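Enquirer: structure_6.txt is reproduced in full below (compact mmCIF, C-alpha atoms).
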# COMPACT_ATOMS: atom_id res chain seq x y z
CA MET A 1 0.00 0.00 0.00
CA PHE A 2 1.03 3.57 -0.41
CA GLU A 3 -0.05 6.98 0.77
CA SER A 4 -1.92 8.87 -1.94
CA ARG A 5 -0.48 12.32 -2.76
CA ASP A 6 -3.53 13.45 -4.76
CA ARG A 7 -4.56 17.01 -3.96
CA VAL A 8 -7.95 17.45 -2.35
CA SER A 9 -10.05 20.15 -3.98
CA GLU A 10 -11.20 22.19 -1.02
CA ASP A 11 -10.66 25.66 0.42
CA GLN A 12 -7.40 25.88 2.32
CA GLN A 13 -7.74 27.39 5.77
CA GLU A 14 -5.02 29.41 7.46
CA PHE A 15 -2.39 27.32 9.19
CA TRP A 16 1.12 27.57 10.60
CA VAL A 17 4.05 25.18 10.64
CA GLU A 18 6.79 25.10 13.23
CA THR A 19 10.17 26.14 11.84
CA ARG A 20 11.79 22.95 13.05
CA ARG A 21 9.34 20.96 10.93
CA LEU A 22 10.29 22.72 7.70
CA PRO A 23 12.62 20.86 5.31
CA LYS A 24 16.26 21.83 5.75
CA ALA A 25 18.05 23.40 2.81
CA THR A 26 21.16 21.31 2.19
CA ALA A 27 23.47 21.78 -0.76
CA SER A 28 24.24 18.80 -2.96
CA THR A 29 27.72 17.30 -2.85
CA PHE A 30 28.77 19.15 -6.01
CA TYR A 31 27.63 22.59 -4.82
CA ARG A 32 28.94 21.97 -1.31
CA LYS A 33 32.39 21.20 -2.67
CA LEU A 34 32.15 24.15 -5.06
CA ASP A 35 31.29 26.45 -2.18
CA ASP A 36 34.23 25.13 -0.15
CA THR A 37 36.55 25.68 -3.11
CA LEU A 38 35.33 29.22 -3.70
CA ASN A 39 36.01 30.02 -0.05
CA ASP A 40 39.45 28.37 -0.18
CA ILE A 41 40.60 30.50 -3.14
CA GLY A 42 39.21 33.67 -1.58
CA PHE A 43 36.63 34.19 -4.31
CA ILE A 44 33.78 35.26 -2.03
CA GLU A 45 35.64 38.05 -0.25
CA GLY A 46 37.56 38.91 -3.40
CA VAL A 47 34.48 39.47 -5.54
CA ARG A 48 32.87 41.54 -2.80
CA GLU A 49 35.89 43.82 -2.73
CA ILE A 50 35.98 44.06 -6.54
CA CYS A 51 32.30 45.05 -6.69
CA ARG A 52 32.46 47.48 -3.78
CA PRO A 53 32.78 50.61 -6.02
CA ALA A 54 29.53 49.66 -7.80
CA TYR A 55 27.51 49.64 -4.58
CA ALA A 56 26.37 52.54 -2.40
CA ASP A 57 27.80 52.98 1.08
CA ALA A 58 25.54 51.04 3.49
CA GLU A 59 26.05 53.69 6.17
CA LYS A 60 24.20 56.24 4.02
CA GLY A 61 20.97 54.29 4.41
CA GLY A 62 18.71 52.75 1.82
CA ARG A 63 17.83 49.15 1.11
CA PRO A 64 20.83 46.79 1.30
CA GLY A 65 21.93 45.49 -2.08
CA ILE A 66 22.14 41.83 -3.06
CA ASP A 67 25.46 40.29 -2.11
CA PRO A 68 27.62 40.29 -5.30
CA ALA A 69 28.92 36.87 -4.27
CA VAL A 70 25.34 35.59 -4.55
CA TYR A 71 25.01 37.14 -8.00
CA PHE A 72 28.15 35.44 -9.31
CA LYS A 73 27.11 32.15 -7.73
CA MET A 74 23.80 32.41 -9.61
CA LEU A 75 25.72 32.95 -12.86
CA MET A 76 27.67 29.77 -12.10
CA ILE A 77 24.41 27.91 -11.54
CA GLY A 78 23.19 29.13 -14.93
CA PHE A 79 26.37 27.78 -16.54
CA PHE A 80 26.46 24.42 -14.77
CA GLU A 81 22.75 23.74 -15.30
CA ASN A 82 22.58 25.14 -18.84
CA LEU A 83 19.94 27.75 -18.01
CA PRO A 84 19.39 30.12 -20.96
CA SER A 85 18.17 33.28 -19.21
CA GLU A 86 18.20 35.29 -15.99
CA ARG A 87 14.52 34.44 -15.53
CA SER A 88 15.21 30.70 -15.65
CA ILE A 89 18.18 31.07 -13.27
CA ALA A 90 16.07 32.97 -10.74
CA SER A 91 13.23 30.45 -11.00
CA ARG A 92 15.55 27.47 -10.55
CA CYS A 93 17.22 28.99 -7.49
CA ALA A 94 13.86 29.82 -5.89
CA ASP A 95 12.60 26.23 -6.32
CA SER A 96 15.67 24.26 -5.26
CA LEU A 97 16.56 23.56 -1.62
CA SER A 98 20.06 22.56 -2.69
CA LEU A 99 20.68 25.80 -4.57
CA ARG A 100 19.20 27.85 -1.73
CA ALA A 101 21.80 26.32 0.60
CA PHE A 102 24.57 27.04 -1.91
CA LEU A 103 23.46 30.69 -2.07
CA GLY A 104 23.02 30.93 1.70
CA TYR A 105 19.23 31.42 1.70
CA GLU A 106 16.85 29.78 4.15
CA LEU A 107 13.53 28.29 3.08
CA ASP A 108 11.57 31.32 4.27
CA GLU A 109 13.85 33.84 2.52
CA ARG A 110 13.18 35.18 -0.94
CA THR A 111 15.96 34.59 -3.45
CA PRO A 112 16.84 37.33 -6.00
CA ASP A 113 14.39 37.60 -8.88
CA HIS A 114 15.33 38.02 -12.54
CA SER A 115 14.81 41.79 -12.54
CA SER A 116 17.39 42.14 -9.76
CA LEU A 117 19.87 40.10 -11.80
CA THR A 118 19.32 42.44 -14.74
CA VAL A 119 19.96 45.52 -12.60
CA ILE A 120 23.18 44.04 -11.22
CA ARG A 121 24.37 42.97 -14.68
CA GLN A 122 23.87 46.48 -16.00
CA ARG A 123 25.53 48.03 -12.96
CA LEU A 124 28.76 46.05 -13.13
CA GLY A 125 31.23 47.03 -15.83
CA GLN A 126 33.42 44.83 -17.99
CA GLU A 127 36.42 45.46 -15.74
CA ILE A 128 34.60 43.92 -12.76
CA TYR A 129 33.63 40.80 -14.71
CA GLN A 130 37.20 40.44 -15.95
CA ALA A 131 38.58 40.78 -12.42
CA ALA A 132 36.13 38.13 -11.12
CA PHE A 133 37.13 35.85 -14.00
CA GLU A 134 40.79 36.28 -13.10
CA LEU A 135 40.00 35.33 -9.49
CA VAL A 136 38.68 32.00 -10.72
CA LEU A 137 41.69 31.45 -13.01
CA THR A 138 44.03 32.17 -10.10
CA GLY A 139 42.24 29.56 -7.99
CA LEU A 140 42.40 27.00 -10.78
CA TYR A 141 46.12 27.62 -11.15
CA GLN A 142 46.64 27.18 -7.40
CA TYR A 143 44.87 23.82 -7.58
CA GLY A 144 47.02 22.75 -10.53
CA LEU A 145 44.05 22.64 -12.90
CA LEU A 146 45.36 25.36 -15.22
CA LYS A 147 48.50 24.46 -17.15
CA GLY A 148 48.62 27.08 -19.91
CA ARG A 149 51.06 25.12 -22.04
CA HIS A 150 48.74 24.18 -24.90
CA LEU A 151 45.86 26.50 -25.81
CA GLY A 152 43.19 26.19 -28.47
CA ILE A 153 40.86 28.78 -30.01
CA ASP A 154 37.24 27.84 -30.60
CA SER A 155 34.87 30.13 -32.47
CA SER A 156 31.35 29.82 -33.81
CA ILE A 157 28.64 31.85 -35.51
CA ILE A 158 25.31 32.45 -33.78
CA GLU A 159 22.41 34.16 -35.52
CA ALA A 160 21.30 37.25 -33.60
CA ASN A 161 17.69 38.15 -32.86
CA ALA A 162 18.09 41.39 -34.80
CA SER A 163 17.14 42.64 -38.24
CA LEU A 164 19.32 44.10 -40.97
CA ARG A 165 16.53 46.51 -41.85
CA GLU A 166 16.82 48.12 -38.41
CA LEU A 167 20.44 49.20 -38.93
CA VAL A 168 21.26 52.86 -38.47
CA SER A 169 24.32 54.86 -39.41
CA ARG A 170 26.77 55.28 -36.55
CA ASN A 171 27.50 58.84 -37.67
CA THR A 172 24.14 60.26 -38.78
CA GLU A 173 21.68 57.74 -37.20
CA GLU A 174 19.97 57.51 -40.59
CA GLU A 175 18.03 54.28 -40.96
CA TYR A 176 19.53 51.83 -43.45
CA TRP A 177 16.32 51.33 -45.41
CA LYS A 178 15.78 55.08 -45.75
CA TYR A 179 19.39 55.38 -46.89
CA VAL A 180 18.86 52.75 -49.58
CA LYS A 181 15.60 54.33 -50.74
CA ARG A 182 17.37 57.67 -51.02
CA LEU A 183 20.08 56.15 -53.19
CA ALA A 184 17.46 54.39 -55.28
CA ALA A 185 15.60 57.65 -55.87
CA GLU A 186 18.85 59.32 -56.93
CA ALA A 187 19.33 56.45 -59.42
CA GLY A 188 15.88 57.04 -60.93
CA ILE A 189 14.09 54.17 -59.17
CA ASP A 190 10.72 54.62 -57.52
CA PRO A 191 11.53 54.50 -53.77
CA ASP A 192 8.02 53.20 -53.02
CA ASP A 193 8.58 50.12 -55.20
CA THR A 194 9.91 47.79 -52.49
CA LYS A 195 10.94 44.95 -54.83
CA SER A 196 12.82 47.30 -57.15
CA VAL A 197 14.60 48.95 -54.23
CA ARG A 198 15.67 45.57 -52.86
CA ARG A 199 17.05 44.52 -56.26
CA PHE A 200 18.85 47.84 -56.48
CA ASP A 201 20.35 47.39 -53.01
CA LYS A 202 21.69 43.92 -53.84
CA LYS A 203 23.39 45.01 -57.07
CA ARG A 204 24.31 48.65 -56.46
CA PRO A 205 27.99 49.44 -57.09
CA GLY A 206 30.18 49.82 -54.04
CA ARG A 207 27.64 48.21 -51.74
CA LYS A 208 29.30 47.62 -48.38
CA THR A 209 27.56 47.20 -45.04
CA SER A 210 30.49 47.76 -42.73
CA ASN A 211 30.14 47.27 -38.99
CA LYS A 212 32.25 50.40 -38.61
CA ASP A 213 29.48 52.41 -40.28
CA TRP A 214 26.28 50.58 -39.29
CA VAL A 215 24.84 49.27 -36.02
CA ASN A 216 21.57 47.82 -34.79
CA PRO A 217 20.47 50.17 -31.95
CA HIS A 218 18.41 47.40 -30.32
CA ASP A 219 21.39 45.01 -30.19
CA PRO A 220 24.72 46.84 -30.52
CA ASP A 221 26.68 43.61 -29.96
CA ALA A 222 25.27 41.97 -33.10
CA LYS A 223 27.38 42.33 -36.23
CA VAL A 224 26.67 42.12 -39.94
CA GLY A 225 28.12 38.85 -41.21
CA PHE A 226 27.45 35.55 -42.89
CA THR A 227 25.50 32.77 -41.21
CA LYS A 228 26.52 29.11 -41.31
CA HIS A 229 24.30 28.78 -44.39
CA GLY A 230 26.08 31.59 -46.22
CA ALA A 231 23.33 34.22 -45.93
CA CYS A 232 24.12 37.78 -44.86
CA ASP A 233 22.45 38.56 -41.55
CA MET A 234 23.00 39.88 -38.02
CA VAL A 235 25.23 37.45 -36.14
CA TYR A 236 27.43 37.01 -33.09
CA LYS A 237 30.95 35.63 -33.39
CA PRO A 238 31.91 34.46 -29.89
CA GLU A 239 35.37 33.05 -29.39
CA HIS A 240 37.04 31.45 -26.41
CA ILE A 241 40.53 30.18 -25.70
CA THR A 242 40.76 26.88 -23.84
CA ASP A 243 43.53 25.08 -22.00
CA LEU A 244 43.66 21.85 -23.99
CA GLU A 245 45.02 19.80 -21.08
CA SER A 246 42.30 20.67 -18.57
CA GLY A 247 39.44 22.17 -20.62
CA VAL A 248 39.62 25.41 -18.63
CA ILE A 249 38.39 28.48 -20.54
CA VAL A 250 41.10 31.10 -20.07
CA MET A 251 39.61 33.83 -22.24
CA ALA A 252 36.21 34.51 -23.80
CA THR A 253 35.34 37.26 -26.25
CA GLY A 254 32.34 38.18 -28.37
CA ARG A 255 32.59 40.27 -31.51
Mind turning the file's structure into structure tokens?
Expert:
Amino acid sequence: MFESRDRVSEDQQEFWVETRRLPKATASTFYRKLDDTLNDIGFIEGVREICRPAYADAEKGGRPGIDPAVYFKMLMIGFFENLPSERSIASRCADSLSLRAFLGYELDERTPDHSSLTVIRQRLGQEIYQAAFELVLTGLYQYGLLKGRHLGIDSSIIEANASLRELVSRNTEEEYWKYVKRLAAEAGIDPDDTKSVRRFDKKRPGRKTSNKDWVNPHDPDAKVGFTKHGACDMVYKPEHITDLESGVIVMATGR
């Protein structure tokens, strides 16, 4: 026999549960060892010190900010569990007792939501992320996991969620499509004839959509390039350098 876990459809009355009866948040073996390692290499205190200039002085009042060590731990969770967004990271951390313990949150405490992660991401500059990354590399080197003798470069092409038609000039902010229509009109082509303007744009002499001249204002990191199928589109070209002996990523760039 077994105890049925079917939910009973009835109005739930108010109730309370003793704290000692609540399930205890305990990190899994992997996250417990990861937490111990981060403490051993001084990552927790180090990242707090690195991020200190980006946070207001607590003595001046106001709501305390989220511990930057918690933020970077949540980024690690997103990497290790292959979570694609800040929303999914926040949701996973809120639901998991193991991850709550890793972050240092009790069952009755609210973990950071996705909007808080966005605010922190926008607040911290590239220099802070680079310094935090170097803290990890230093720890890996101390543990003998980073050799640095044989390195490999891996690059790929990822299609961006951005449109070529939304490009604007970096200098004048003129929209690309308006620019093409203006050139078409100067060449004697009806600018309202969309098909003719597109044919003109593909074959016009000196056509060059340089990333130095054009940018998508909604996604400045996306670049004009060729997809894996050979089509011209907005793409990302991330690259990372890996230690071939250990698999450690020693540098990551996106261009």
Enquirer: Tell me which protein, DNA and RNA residues are within 12 Å of A:Arg92, counting only C-alpha atoms, leaving out same-chain ones fewer than 3 positions away, and put them as an MDAnalysis selection string.
Expert: chainID A and resid 74:75 77:78 81:89 95:100 111:114
Enquirer: Which residues, written as a PyMOL selection string, have at least one atom at most 9 Å from stretch 212-214 of chain A, with all atoms listed in the file counted and residues fewer than 6 positions away on the same chain left out?
Expert: chain A and resi 167-171+173+176+223-224
Enquirer: Next, the residues of the selection above should be written as a PDB file, in the coordinates of the input with C-alpha atoms.
Expert:
ATOM      1  CA  LEU A 167      20.440  49.200 -38.930  1.00  0.00           C
ATOM      2  CA  VAL A 168      21.260  52.860 -38.470  1.00  0.00           C
ATOM      3  CA  SER A 169      24.320  54.860 -39.410  1.00  0.00           C
ATOM      4  CA  ARG A 170      26.770  55.280 -36.550  1.00  0.00           C
ATOM      5  CA  ASN A 171      27.500  58.840 -37.670  1.00  0.00           C
ATOM      6  CA  GLU A 173      21.680  57.740 -37.200  1.00  0.00           C
ATOM      7  CA  TYR A 176      19.530  51.830 -43.450  1.00  0.00           C
ATOM      8  CA  LYS A 223      27.380  42.330 -36.230  1.00  0.00           C
ATOM      9  CA  VAL A 224      26.670  42.120 -39.940  1.00  0.00           C
TER      10      VAL A 224
END
Enquirer: Which one is closest to A:Ile120: A:Ala94, A:Ala160, A:Ala54, A:Leu145? Count all atoms listed in the file.
Expert: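 Distance minimum relative to A:Ile120 lands on A:Ala54.
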Enquirer: Which residues of stretch 84-173 of chain A have any atom within 8 Å of an atom in stretch 42-52 of chain A when counting all atoms listed in the file, and what is the closest pair of atoms for each, with the distance in Å to one decimal? Order the rows by chain and rising number and write it as CSV.
Expert:
residue,atom,partner,partner_atom,distance
A:Leu124,CA,A:Cys51,CA,7.4
A:Ile128,CA,A:Ile50,CA,6.4
A:Ala131,CA,A:Ile50,CA,7.2
A:Ala132,CA,A:Val47,CA,6.0
A:Leu135,CA,A:Phe43,CA,6.3
A:Val136,CA,A:Phe43,CA,7.1
Enquirer: Go through A:Ala27, A:Leu151, A:Ala252, A:Ala184 and flag the residue nearest A:Gly104, using all atoms listed in the file for the distances.
Expert: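 Going through A:Ala27, A:Leu151, A:Ala252, A:Ala184 one by one, the smallest distance to A:Gly104 is for A:Ala27.
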Enquirer: Report, in Å with one decimal, the straight-line distance from atom CA of A:Ala90 to atom CA of A:Tyr31.
Expert: 16.6 Å
Enquirer: Taking into account only C-alpha atoms, which residue in the set A:Ile157, A:Ala187, A:Ile41, A:Leu146 is nearest to A:Tyr236?
Expert: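 Looking at the shortest contact to A:Tyr236, the residue is A:Ile157.
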